[in-house]
Each structure stands twice: as structure tokens, then as C-alpha cells.
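File shown: input25.txt. Contents: compact mmCIF, C-alpha atoms.
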```
# COMPACT_ATOMS: atom_id res chain seq x y z
CA MET A 297 86.18 83.73 26.73
CA VAL A 298 84.00 86.53 25.27
CA LYS A 299 81.46 86.06 28.12
CA LEU A 300 84.24 86.35 30.69
CA LYS A 301 85.39 89.62 29.08
CA TYR A 302 81.85 91.09 29.29
CA PHE A 303 81.44 89.83 32.85
CA LEU A 304 84.73 91.44 33.98
CA THR A 305 83.88 94.70 32.18
CA GLY A 306 80.43 94.79 33.78
CA THR A 307 81.84 94.03 37.22
CA LEU A 308 84.43 96.79 36.84
CA ILE A 309 81.72 99.30 35.87
CA VAL A 310 79.60 98.33 38.90
CA VAL A 311 82.59 98.65 41.27
CA ILE A 312 83.51 102.08 39.86
CA GLY A 313 79.85 103.18 40.19
CA VAL A 314 79.71 102.10 43.85
CA VAL A 315 82.97 103.90 44.66
CA ILE A 316 81.72 107.09 42.98
CA ALA A 317 78.37 106.87 44.78
CA LEU A 318 80.01 106.40 48.18
CA THR A 319 82.50 109.21 47.55
CA PHE A 320 80.16 111.86 46.19
CA PHE A 321 76.94 110.88 47.98
CA PRO A 322 77.94 109.95 51.53
CA SER A 323 75.44 108.24 53.79
CA GLU A 324 73.65 110.27 56.45
CA GLU A 325 75.64 108.45 59.12
CA ARG A 326 78.93 109.41 57.49
CA SER A 327 77.73 113.02 57.20
CA VAL A 328 76.91 113.11 60.92
CA LYS A 329 80.27 111.55 61.86
CA LYS A 330 82.00 114.14 59.67
CA ARG A 331 80.60 116.89 61.95
CA PHE A 332 82.30 115.23 64.93
CA HIS A 333 85.54 114.97 62.97
CA LEU A 334 85.36 118.72 62.23
CA LEU A 335 84.58 119.55 65.87
CA SER A 336 87.57 117.47 66.95
CA GLU A 337 89.84 119.17 64.43
CA TRP A 338 88.73 122.69 65.36
CA VAL A 339 88.80 122.23 69.15
CA SER A 340 92.25 120.65 69.09
CA LYS A 341 95.22 123.00 69.47
CA SER A 342 98.91 122.65 68.76
CA PRO A 343 101.65 124.74 70.43
CA GLU A 344 102.52 126.32 67.05
CA GLU A 345 99.00 127.59 66.37
CA SER A 346 98.88 131.22 65.21
CA ALA A 347 96.39 133.85 66.37
CA PHE A 348 94.80 133.85 62.91
CA THR A 349 94.29 130.07 63.06
CA LEU A 350 92.77 130.44 66.53
CA LEU A 351 90.24 133.01 65.30
CA GLN A 352 89.35 130.93 62.24
CA LYS A 353 88.80 127.80 64.34
CA MET A 354 86.55 129.70 66.77
CA LYS A 355 84.41 130.93 63.87
CA ASP A 356 84.31 127.42 62.40
CA ILE A 357 83.28 125.83 65.71
CA GLY A 358 80.27 128.15 65.98
CA GLY A 359 79.19 127.14 62.49
CA LEU A 360 78.68 123.53 63.65
CA PHE A 361 75.86 124.52 66.02
CA LEU A 362 72.29 125.71 65.60
CA ASP A 363 71.52 129.30 66.56
CA GLN A 364 70.48 127.90 69.95
CA CYS A 365 72.11 124.78 71.40
CA GLU A 366 71.22 123.17 74.71
CA LEU A 367 73.89 121.76 77.04
CA LYS A 368 72.92 119.47 79.90
CA ALA A 369 75.52 118.51 82.49
CA SER A 370 75.57 117.52 86.14
CA ASP A 371 77.32 120.83 86.85
CA GLN A 372 74.36 123.22 86.78
CA SER A 373 76.61 126.20 86.06
CA LEU A 374 77.42 124.66 82.65
CA SER A 375 73.88 123.62 81.77
CA GLY A 376 71.85 125.99 79.65
CA THR A 377 71.03 127.16 76.16
CA TYR A 378 73.79 128.91 74.26
CA THR A 379 73.99 130.80 70.97
CA ARG A 380 76.63 129.79 68.43
CA GLN A 381 78.47 133.06 69.20
CA GLU A 382 78.57 132.18 72.91
CA ILE A 383 79.83 128.69 72.07
CA SER A 384 82.61 130.19 69.92
CA ALA A 385 83.57 132.61 72.69
CA TYR A 386 83.59 129.93 75.42
CA ALA A 387 85.60 127.57 73.21
CA GLY A 388 88.15 130.31 72.51
CA SER A 389 88.40 131.18 76.19
CA ALA A 390 88.83 127.53 77.19
CA ARG A 391 91.46 126.91 74.50
CA ALA A 392 93.46 129.92 75.76
CA HIS A 393 94.24 127.97 78.95
CA PHE A 394 96.02 125.23 76.98
CA SER A 395 99.30 125.07 75.11
CA ARG A 396 98.24 121.74 73.56
CA LEU A 397 94.77 120.24 73.33
CA ASP A 398 93.33 117.18 71.61
CA LEU A 399 89.68 116.16 71.39
CA THR A 400 88.84 112.70 70.09
CA PHE A 401 85.59 110.78 69.81
CA HIS A 402 85.26 107.01 70.22
CA ASP A 403 82.51 104.38 70.06
CA ILE A 404 80.26 106.60 67.95
CA ARG A 405 76.74 105.17 67.59
CA VAL A 406 74.35 107.07 65.31
CA VAL A 407 70.59 106.48 65.15
CA PHE A 408 67.93 108.46 63.36
CA PRO A 409 64.79 108.60 65.55
CA GLU A 410 63.09 110.96 63.08
CA LYS A 411 63.78 112.27 59.63
CA LYS A 412 66.39 115.05 59.82
CA ILE A 413 67.22 114.23 63.47
CA ALA A 414 70.28 112.25 64.58
CA SER A 415 70.94 110.93 68.07
CA VAL A 416 74.59 110.13 68.68
CA THR A 417 76.04 108.38 71.73
CA LEU A 418 79.81 108.44 72.09
CA THR A 419 82.83 108.72 74.32
CA ALA A 420 84.69 112.04 74.18
CA ARG A 421 88.30 112.22 75.29
CA LEU A 422 90.00 115.56 75.93
CA THR A 423 93.74 115.52 76.57
CA GLY A 424 96.30 118.26 76.69
CA ARG A 425 98.74 120.40 78.57
CA SER A 426 97.66 123.58 80.31
CA THR A 427 99.63 126.81 80.09
CA ASN A 428 100.74 125.96 83.67
CA GLU A 429 102.30 122.74 82.28
CA GLU A 430 99.70 120.51 83.97
CA GLN A 431 98.63 117.37 82.15
CA VAL A 432 94.87 117.18 81.51
CA GLU A 433 92.78 114.14 80.63
CA GLU A 434 88.98 114.09 80.70
CA ILE A 435 86.75 111.30 79.41
CA ARG A 436 82.98 111.73 79.19
CA GLU A 437 80.07 109.80 77.74
CA LEU A 438 77.87 112.11 75.66
CA GLU A 439 74.54 111.96 73.93
CA CYS A 440 74.32 114.52 71.15
CA PHE A 441 71.39 115.50 68.99
CA LEU A 442 71.86 116.99 65.55
CA LYS A 443 69.31 118.48 63.17
CA LYS A 444 69.63 118.54 59.43
CA ILE A 445 68.98 121.91 57.83
CA ASP A 446 69.72 122.62 54.17
CA ARG A 447 71.67 119.36 53.73
CA LYS A 448 73.95 120.06 56.72
CA TRP A 449 73.87 118.61 60.22
CA PHE A 450 74.04 120.99 63.21
CA PHE A 451 74.41 120.25 66.92
CA SER A 452 71.19 121.12 68.73
CA ARG A 453 71.71 119.47 72.14
CA ILE A 454 74.59 117.89 74.01
CA GLU A 455 74.03 115.95 77.21
CA VAL A 456 76.72 114.56 79.52
CA ILE A 457 75.73 111.05 80.59
CA GLU A 458 76.59 110.38 84.20
CA VAL A 459 78.56 107.16 84.63
CA LEU A 460 78.54 105.43 88.00
CA LYS A 461 81.85 105.56 89.90
CA LYS A 462 83.22 102.78 92.11
```
Mind converting the file's structure to C-alpha cells?
Amino acid sequence: MVKLKYFLTGTLIVVIGVVIALTFFPSEERSVKKRFHLLSEWVSKSPEESAFTLLQKMKDIGGLFLDQCELKASDQSLSGTYTRQEISAYAGSARAHFSRLDLTFHDIRVVFPEKKIASVTLTARLTGRSTNEEQVEEIRELECFLKKIDRKWFFSRIEVIEVLKK
């Protein structure tokens, strides 16, 4: 009976230690996925959003990117290297055309080809309603590269993966 008491106490201590470690010291993969969660939250827009919230989200979006971020897409007019200020401005301009907007990420696969570099392949889904009351739904496969600087992950390159159409 005494051994069972010590065993249960020891097991409880180990479980509490694991929970604390996972909560306060998240894995690199969880840290990378958190950046996508933040991007989703800050790009998304509700009809009740205030002007102050809009400005704060635009500032926050820029903070997720390196000073220079490369975008590669089949549309050459979108491809290029952008500063975080340009990304914030383009995001704000694009959001202005929507009364409601939701960005979600699915099938997130994270690999670390080098230390402090993450390669993420995922499906991005953008849905919403334009200010002209048109329904919008876009789904794209993306490959994103993030770099870790000062314990934070920043987007450094985003590439749209072309999917074959029937």
C-alpha cells in the first residue's frame, strides 16, 4: 500500500512536469504553427470591426514578416520582394474591399531543413463577402519559409504551389 502511494505521487509529479513543460516551453513546430494562427486571426475581418482594430491588425500583420519577404505566384504582378510595411499596406487595402473575411489554414506540415529555418506546406482558404455583397472563396496550396530570429519565427518567403486543373 505504501509503495502504491509513492508510485501514484511520483506519477502525478511527472504528469504535472510534462504539462508545465509543454505549456511554457512549446515545441518549435507549435511555435511555427502559432504564427499561422496569428496571421489567420489578423487577416480575418468581421463586419463590426472598428477603424482602430483595423489599424492595429495591419501593424500586427507586418510584425509577422522579415524586413524583406519574397512572394512567388503564377501571377507575375504579385511576385516580388516586399517590405513588412508594404505587406501591411497591401493587407489593409485588400481587407478594405471586404465586409467579412476569414483566412484559415489546413493540412499544415512543418519540417526543419536547417536550424532556425522552417518549411511549411499547407492549404490556405480565404472566404468572405465583398463590399459589393459578392461571395468569395479562394483555396491555394502554399509553401512558406520562416526564419527564427531572437526566439521568434518570421515569414521570409511564400510560394503559391500550382495545382493541376481538370
Quick one: residues within 8 Å of Leu438 in chain A, all atoms listed in the file counted, chain neighbours fewer than 4 positions away excluded, as JSON, numbers by chain? {"A": [416, 417, 418, 419, 420, 454, 455, 456, 457]}
Report as JSON lines the residues of range 339-364 of chain A within 10 Å of range 370-387 of chain A, each with its shortest atom pair and distance in Å (one decimal), using only C-alpha atoms, ordered by chain and increasing residue number.
```
{"residue": "A:Val339", "atom": "CA", "partner": "A:Ala387", "partner_atom": "CA", "distance": 7.4}
{"residue": "A:Leu351", "atom": "CA", "partner": "A:Ser384", "partner_atom": "CA", "distance": 9.4}
{"residue": "A:Lys353", "atom": "CA", "partner": "A:Ser384", "partner_atom": "CA", "distance": 8.7}
{"residue": "A:Met354", "atom": "CA", "partner": "A:Ser384", "partner_atom": "CA", "distance": 5.1}
{"residue": "A:Lys355", "atom": "CA", "partner": "A:Ser384", "partner_atom": "CA", "distance": 6.4}
{"residue": "A:Asp356", "atom": "CA", "partner": "A:Ser384", "partner_atom": "CA", "distance": 8.2}
{"residue": "A:Ile357", "atom": "CA", "partner": "A:Ser384", "partner_atom": "CA", "distance": 6.1}
{"residue": "A:Gly358", "atom": "CA", "partner": "A:Arg380", "partner_atom": "CA", "distance": 4.7}
{"residue": "A:Gly359", "atom": "CA", "partner": "A:Arg380", "partner_atom": "CA", "distance": 7.0}
{"residue": "A:Leu360", "atom": "CA", "partner": "A:Arg380", "partner_atom": "CA", "distance": 8.1}
{"residue": "A:Phe361", "atom": "CA", "partner": "A:Arg380", "partner_atom": "CA", "distance": 5.8}
{"residue": "A:Leu362", "atom": "CA", "partner": "A:Arg380", "partner_atom": "CA", "distance": 6.6}
{"residue": "A:Asp363", "atom": "CA", "partner": "A:Thr379", "partner_atom": "CA", "distance": 5.3}
{"residue": "A:Gln364", "atom": "CA", "partner": "A:Thr379", "partner_atom": "CA", "distance": 4.7}
```
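Of the listed residues (A:Ile445, A:Ile404, A:Ile413, A:Ala390), A:Ile404 comes nearest to Lys330 in chain A; the distances count only C-alpha atoms.
Using all atoms listed in the file, the nearest neighbour of Glu439 in chain A within the list A:Leu335, A:Ala347, A:Cys365, A:Val406 is A:Val406.
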Can you tell me which residues surround range 428-435 of chain A at a distance of at most 12 Å, considering only C-alpha atoms, apart from same-chain residues fewer than 5 positions away, and format the answer as an NGL selection string? :A and (392-402 or 418-423 or 456-459)
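Coordinates place CA of Thr349 in chain A at a distance of 23.3 Å from CA of Lys329 in chain A.
You will find CA of Lys341 in chain A at 27.0 Å from CA of Lys443 in chain A.
From CA of Arg436 in chain A back to CA of Gln352 in chain A, the distance works out to 26.4 Å.
Of the residues listed (A:Glu337, A:Arg453, A:Asp446, A:Ser342), A:Ser342 shows the shortest atom-to-atom separation from Gly424 in chain A; distances use only C-alpha atoms.
With all atoms listed in the file as the atoms that count, the residue of A:Arg331, A:Lys299, A:Lys368, A:Arg391 with the shortest distance to Leu442 in chain A is A:Arg331.
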For the structure just given, write the atoms of range 422-454 of chain A, namely C-alpha atoms, as an mmCIF file, in the first residue's frame.
```cif
data_model
loop_
_atom_site.group_PDB
_atom_site.id
_atom_site.type_symbol
_atom_site.label_atom_id
_atom_site.label_comp_id
_atom_site.auth_asym_id
_atom_site.auth_seq_id
_atom_site.Cartn_x
_atom_site.Cartn_y
_atom_site.Cartn_z
ATOM 1 C CA LEU A 422 -9.911 32.568 -47.856
ATOM 2 C CA THR A 423 -13.660 33.121 -47.632
ATOM 3 C CA GLY A 424 -15.730 36.223 -47.241
ATOM 4 C CA ARG A 425 -18.171 38.739 -48.573
ATOM 5 C CA SER A 426 -17.036 41.724 -50.587
ATOM 6 C CA THR A 427 -18.383 45.217 -50.010
ATOM 7 C CA ASN A 428 -20.396 44.596 -53.231
ATOM 8 C CA GLU A 429 -22.072 41.640 -51.447
ATOM 9 C CA GLU A 430 -20.300 39.049 -53.622
ATOM 10 C CA GLN A 431 -19.344 35.762 -52.009
ATOM 11 C CA VAL A 432 -15.604 34.990 -52.228
ATOM 12 C CA GLU A 433 -13.863 31.648 -51.773
ATOM 13 C CA GLU A 434 -10.231 31.013 -52.692
ATOM 14 C CA ILE A 435 -8.231 27.898 -51.871
ATOM 15 C CA ARG A 436 -4.482 27.724 -52.510
ATOM 16 C CA GLU A 437 -1.652 25.356 -51.707
ATOM 17 C CA LEU A 438 1.288 27.271 -50.239
ATOM 18 C CA GLU A 439 4.859 26.590 -49.292
ATOM 19 C CA CYS A 440 6.096 29.051 -46.700
ATOM 20 C CA PHE A 441 9.555 29.542 -45.283
ATOM 21 C CA LEU A 442 10.104 31.046 -41.866
ATOM 22 C CA LYS A 443 13.324 32.098 -40.158
ATOM 23 C CA LYS A 444 13.877 32.166 -36.440
ATOM 24 C CA ILE A 445 15.378 35.383 -35.111
ATOM 25 C CA ASP A 446 15.610 36.155 -31.400
ATOM 26 C CA ARG A 447 13.326 33.235 -30.452
ATOM 27 C CA LYS A 448 10.565 34.310 -32.866
ATOM 28 C CA TRP A 449 9.625 32.901 -36.260
ATOM 29 C CA PHE A 450 9.159 35.313 -39.189
ATOM 30 C CA PHE A 451 7.845 34.680 -42.702
ATOM 31 C CA SER A 452 10.665 35.058 -45.215
ATOM 32 C CA ARG A 453 9.145 33.546 -48.373
ATOM 33 C CA ILE A 454 5.699 32.453 -49.512
#
```
